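Asks: Please read through the structure below; I'll follow up with questions.
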Amino acid sequence: MVVWSPFRFNSGREMANRFAIAPLTTDSSHDDGTATEDELEFVRRRAASGFGATISSATYVEQDGRSWQGTGATHDGHLSSLRRLAEAMRAAGGLAILQIYDGGRIAKPELIGEQCLRAPSAVASLRPGAKTPRAMTTDEIGNLIASFRDAASLARRAGFDGVEVHGANHYAVHQFFSPRANHRVDHWGGTLSRRMNFPLAVAQAVRDALGPKLIAGFRVTPFEAEPDGYTLEDAKLLCHELARLDIDYISVSLDDYRKSRPMRETRVYDGPVEESNAPAESPITEFARVIAGRCAVMASGGIKTCMDAEAAIKMGADLVAVGRAVVVDPEWLSKVRSKSEASILAGLPKDEREIANDLSIPPRMVEYLLSRPGWIPRL
Ligand SMILES: Cc1cc2nc3c(=O)[nH]c(=O)nc-3n(C[C@H](O)[C@H](O)[C@H](O)COP(=O)(O)O)c2cc1C
């Protein structure tokens, strides 16, 4: 089966199989952005089951862009924590990829202070209670691109095999691409091609910092369901441009790989689908067509079985990223590999202490997971 075959990236690095652990924020790091022992254990135990690669939780590149209590990559003081993270991610010899992000208008005011909230434009997100950010100056935009570059350099020095830019799920890179969030009329906004300038500048800066031999990935939300959001055609154009920058892979962020449905900013994961907005074909297939083999395509969302992974690959993906299934069952991949899928845990136990102790999930992450009913299945 294709899923168990190795995959070689443009940069030359190789994954032993097609399975990656999706980026999973634990919301559990120390206040200074260093990793805690229990979040390292969360990663180590899951990576140990033999994933070809592990992608880290989103790691902040600027203090004022923090959306959770996560890991940081902003200065040399983060290096030893990043090294330990990379080691934990390599528990079974798989590749270690650091995901880097900035929260922009959905940074957490409680963490950064409401007055520090900055974004492409002074437009609040649709999330309940969202605060209005201030519009970034041209200098601040240049500095943010430099922060992504510097974070990628730290990742290289810490021994990661690569870096993934979090360009999806409504964070800052996504905000620059979105006509809903970006109302600028300068180099960074106003037309589709100018809205691409920030994501492309970040991707180029990361590639430059990594050099040609490390993996540069980019995560994209394929389209926005909300009125006046960017379309699948817009995102395909962005992928086309990204593929020209020697990117190794583009990761398609969906909540379910089968549904052709984007992450909704309202966070109503099981809300009604606006079918009229849904494209006829999967965004995975559409992206694969436009990328045309220039880099890899990674699919994610609702991959729970080996058949799901094979199906996503048939749609045009080269790789799959698995999230909630490995949160719920740390030994998910070993069970899939040994064809013991019937023994895969189907949901989190009722008892919260059991969740933390038996499944090696940091207590703060348990709180985070349970704060959104329906997000993660319960037994
Ligand atoms: C607890 C949790 C934390 C997440 N954190 C991140 C993150 O840091 N970066 C990111 O790109 N996606 C994040 N996601 C989204 C997942 O990577 C994945 O795309 C999503 O859960 C859908 O895949 P799944 O159905 O396999 O879980 C997170 C998801 C969960 C459940």
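Ordered as shown in the structure tokens, chains take letters A, B, and onward, while each chain numbers its residues from 1 and ligands are numbered from 1 in the order shown.
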Counting only C-alpha atoms, what is within 12 Å of Ser282 in chain A, bar same-chain residues fewer than 3 positions away, as a ChimeraX atom specification?
Replies: /A:222-223,232,252,254,256-262,278-279,285-289,299,311-317
Asks: Those residues you just picked out, can you put them in a file as a compact mmCIF listing (two decimals), in the first residue's frame with C-alpha atoms?
Replies:
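Okay, this is what ended up in part.txt:
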# COMPACT_ATOMS: atom_id res chain seq x y z
CA PRO A 222 -8.43 26.02 0.86
CA PHE A 223 -11.27 28.55 0.90
CA LEU A 232 -10.77 28.04 -3.92
CA VAL A 252 -4.38 21.39 2.98
CA LEU A 254 -9.67 20.77 6.30
CA ASP A 256 -12.73 16.52 7.09
CA TYR A 257 -10.79 15.48 4.01
CA ARG A 258 -13.99 14.14 2.35
CA LYS A 259 -16.24 17.12 2.79
CA SER A 260 -14.56 19.88 0.80
CA ARG A 261 -15.42 22.19 3.66
CA PRO A 262 -13.19 24.82 5.22
CA ALA A 278 -18.63 23.77 -1.88
CA PRO A 279 -16.59 22.98 -4.96
CA THR A 285 -7.53 17.10 -5.97
CA GLU A 286 -7.72 20.69 -7.17
CA PHE A 287 -4.51 21.64 -5.36
CA ALA A 288 -2.70 18.52 -6.60
CA ARG A 289 -3.65 19.45 -10.16
CA ALA A 299 -4.08 16.14 3.34
CA ALA A 311 -8.56 7.54 0.01
CA ALA A 312 -6.91 10.93 0.61
CA ILE A 313 -3.91 9.75 -1.39
CA LYS A 314 -6.20 8.64 -4.23
CA MET A 315 -7.64 12.17 -4.22
CA GLY A 316 -4.17 13.46 -5.06
CA ALA A 317 -2.36 13.78 -1.71
Asks: Env of range 96-108 of chain A: 6 Å cut, atoms = only C-alpha atoms, seq-sep filter 5 positions within chain, self excluded. Answer as a compact mmCIF listing (two decimals) with all heavy atoms, in the first residue's frame.
Replies:
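File written: part00.txt
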# COMPACT_ATOMS: atom_id res chain seq x y z
N ALA A 53 6.78 11.53 9.98
CA ALA A 53 7.16 12.88 10.42
C ALA A 53 6.21 13.32 11.53
O ALA A 53 5.08 12.84 11.61
CB ALA A 53 7.07 13.88 9.27
N THR A 54 6.71 14.22 12.36
CA THR A 54 5.84 14.88 13.34
C THR A 54 5.95 16.37 13.10
O THR A 54 7.06 16.90 12.94
CB THR A 54 6.30 14.55 14.78
OG1 THR A 54 6.20 13.15 14.98
CG2 THR A 54 5.42 15.26 15.81
N ILE A 55 4.80 17.03 13.03
CA ILE A 55 4.79 18.49 12.90
C ILE A 55 4.46 19.04 14.29
O ILE A 55 3.54 18.54 14.95
CB ILE A 55 3.76 18.94 11.85
CG1 ILE A 55 4.05 18.22 10.51
CG2 ILE A 55 3.80 20.46 11.66
CD1 ILE A 55 2.94 18.30 9.51
N SER A 56 5.20 20.02 14.72
CA SER A 56 5.02 20.52 16.09
C SER A 56 3.73 21.33 16.20
O SER A 56 3.15 21.73 15.21
CB SER A 56 6.19 21.43 16.47
OG SER A 56 6.04 22.68 15.82
N ALA A 58 1.83 24.82 16.83
CA ALA A 58 2.19 26.13 16.29
C ALA A 58 3.06 26.86 17.31
O ALA A 58 2.69 27.01 18.48
CB ALA A 58 0.93 26.92 16.00
N THR A 59 4.21 27.33 16.87
CA THR A 59 5.20 27.97 17.72
C THR A 59 5.27 29.45 17.34
O THR A 59 5.40 29.78 16.16
CB THR A 59 6.56 27.25 17.52
OG1 THR A 59 6.40 25.91 18.00
CG2 THR A 59 7.69 27.93 18.25
N TYR A 60 5.17 30.32 18.34
CA TYR A 60 5.06 31.75 18.00
C TYR A 60 6.39 32.34 17.56
O TYR A 60 7.46 31.92 18.01
CB TYR A 60 4.43 32.56 19.15
CG TYR A 60 5.20 32.60 20.45
CD1 TYR A 60 6.20 33.54 20.68
CD2 TYR A 60 4.89 31.72 21.48
CE1 TYR A 60 6.87 33.60 21.89
CE2 TYR A 60 5.57 31.76 22.69
CZ TYR A 60 6.56 32.70 22.89
OH TYR A 60 7.24 32.75 24.09
N GLY A 65 2.05 37.90 19.03
CA GLY A 65 1.22 37.08 18.14
C GLY A 65 0.78 35.80 18.79
O GLY A 65 0.32 34.88 18.11
N ARG A 66 0.88 35.71 20.13
CA ARG A 66 0.55 34.44 20.80
C ARG A 66 -0.96 34.24 20.94
O ARG A 66 -1.64 35.10 21.49
CB ARG A 66 1.17 34.39 22.20
CG ARG A 66 2.68 34.20 22.18
CD ARG A 66 3.27 34.34 23.56
NE ARG A 66 3.11 35.71 24.06
CZ ARG A 66 3.12 36.06 25.32
NH1 ARG A 66 3.29 35.16 26.27
NH2 ARG A 66 2.98 37.32 25.67
N SER A 67 -1.44 33.12 20.44
CA SER A 67 -2.86 32.79 20.59
C SER A 67 -3.09 31.77 21.70
O SER A 67 -4.24 31.51 22.06
CB SER A 67 -3.43 32.23 19.28
OG SER A 67 -3.40 33.22 18.28
N ALA A 86 12.61 18.76 19.26
CA ALA A 86 12.99 18.00 18.05
C ALA A 86 13.35 16.56 18.42
O ALA A 86 12.95 15.61 17.73
CB ALA A 86 14.14 18.68 17.33
N MET A 89 10.26 14.57 19.10
CA MET A 89 9.53 14.30 17.86
C MET A 89 10.19 13.20 17.04
O MET A 89 9.57 12.56 16.21
CB MET A 89 9.45 15.59 17.03
CG MET A 89 8.53 16.63 17.67
SD MET A 89 8.82 18.30 17.05
CE MET A 89 8.04 18.23 15.48
N ARG A 118 -2.48 43.33 16.95
CA ARG A 118 -2.22 43.98 15.65
C ARG A 118 -2.47 42.97 14.54
O ARG A 118 -2.29 41.76 14.71
CB ARG A 118 -0.82 44.61 15.58
CG ARG A 118 0.33 43.65 15.37
CD ARG A 118 0.72 42.90 16.60
NE ARG A 118 1.87 42.04 16.44
CZ ARG A 118 1.84 40.80 15.96
NH1 ARG A 118 0.72 40.26 15.57
NH2 ARG A 118 2.95 40.09 15.85
N ALA A 119 -2.87 43.50 13.36
CA ALA A 119 -3.30 42.64 12.25
C ALA A 119 -3.17 43.44 10.96
O ALA A 119 -2.86 44.64 11.00
CB ALA A 119 -4.75 42.22 12.48
N PRO A 133 -8.34 44.74 16.35
CA PRO A 133 -6.89 44.99 16.40
C PRO A 133 -6.58 46.35 15.80
O PRO A 133 -7.44 46.97 15.17
CB PRO A 133 -6.32 43.88 15.51
CG PRO A 133 -7.40 43.67 14.48
CD PRO A 133 -8.72 43.93 15.17
N PHE A 160 16.01 20.79 13.64
CA PHE A 160 14.78 20.33 12.97
C PHE A 160 15.08 19.97 11.51
O PHE A 160 16.02 20.50 10.91
CB PHE A 160 13.70 21.42 13.02
CG PHE A 160 12.99 21.48 14.35
CD1 PHE A 160 13.46 22.29 15.37
CD2 PHE A 160 11.86 20.70 14.58
CE1 PHE A 160 12.84 22.33 16.61
CE2 PHE A 160 11.21 20.73 15.82
CZ PHE A 160 11.71 21.55 16.83
N ASP A 161 14.27 19.08 10.96
CA ASP A 161 14.41 18.70 9.55
C ASP A 161 13.71 19.70 8.65
O ASP A 161 13.88 19.64 7.43
CB ASP A 161 13.80 17.31 9.31
CG ASP A 161 14.53 16.25 10.11
OD1 ASP A 161 15.68 15.94 9.76
OD2 ASP A 161 13.96 15.75 11.11
N GLY A 162 12.89 20.56 9.24
CA GLY A 162 12.20 21.52 8.41
C GLY A 162 11.26 22.39 9.21
O GLY A 162 11.15 22.26 10.44
N VAL A 163 10.58 23.27 8.50
CA VAL A 163 9.67 24.24 9.11
C VAL A 163 8.40 24.30 8.28
O VAL A 163 8.46 24.26 7.05
CB VAL A 163 10.35 25.63 9.16
CG1 VAL A 163 9.34 26.75 9.42
CG2 VAL A 163 11.44 25.67 10.23
N GLU A 164 7.27 24.37 8.97
CA GLU A 164 5.99 24.58 8.26
C GLU A 164 5.45 25.96 8.66
O GLU A 164 5.31 26.25 9.85
CB GLU A 164 4.98 23.49 8.65
CG GLU A 164 3.59 23.71 8.06
CD GLU A 164 2.60 22.60 8.43
OE1 GLU A 164 2.81 21.45 8.00
OE2 GLU A 164 1.64 22.89 9.16
N VAL A 165 5.14 26.78 7.66
CA VAL A 165 4.52 28.07 7.94
C VAL A 165 3.02 27.82 8.12
O VAL A 165 2.38 27.20 7.28
CB VAL A 165 4.72 29.04 6.75
CG1 VAL A 165 3.93 30.33 6.97
CG2 VAL A 165 6.20 29.34 6.54
N HIS A 166 2.50 28.31 9.24
CA HIS A 166 1.06 28.16 9.46
C HIS A 166 0.34 29.27 8.71
O HIS A 166 0.18 30.39 9.20
CB HIS A 166 0.76 28.23 10.96
CG HIS A 166 -0.61 27.75 11.34
ND1 HIS A 166 -1.58 27.47 10.40
CD2 HIS A 166 -1.15 27.48 12.55
CE1 HIS A 166 -2.68 27.05 11.04
NE2 HIS A 166 -2.44 27.06 12.33
N TYR A 171 -5.10 32.49 11.12
CA TYR A 171 -4.02 33.20 11.82
C TYR A 171 -3.42 34.26 10.88
O TYR A 171 -3.92 34.46 9.77
CB TYR A 171 -2.99 32.19 12.36
CG TYR A 171 -3.64 31.32 13.42
CD1 TYR A 171 -4.11 30.05 13.13
CD2 TYR A 171 -3.89 31.84 14.69
CE1 TYR A 171 -4.78 29.28 14.08
CE2 TYR A 171 -4.57 31.08 15.65
CZ TYR A 171 -5.00 29.81 15.34
OH TYR A 171 -5.67 29.09 16.29
N ALA A 172 -2.35 34.95 11.30
CA ALA A 172 -1.94 36.17 10.59
C ALA A 172 -1.66 35.98 9.10
O ALA A 172 -2.07 36.82 8.29
CB ALA A 172 -0.71 36.78 11.28
Asks: Find the spatial neighbours of Lys339 in chain A, counting only C-alpha atoms, within a cut-off of 9 Å - ignore same-chain residues fewer than 4 positions away - and output them as a list in words.
Replies: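 So, after excluding close chain neighbours, the residues are Cys306, Ser334 and Lys335 of chain A.
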Asks: Kindly provide, as a PyMOL selection string, all nucleotide and amino acid residues lying within 6 Å of ligand 1, counting only C-alpha atoms and all ligand atoms.
Replies: chain A and resi 22-25+57-58+166+253+255+300-303+322-325+369
Asks: Would you please extract all strand (DSSP E) residues from range 30-87 of chain A, as assigned by DSSP on the backbone, and give them as a PyMOL selection string?
Replies: chain A and resi 53-55+59-60
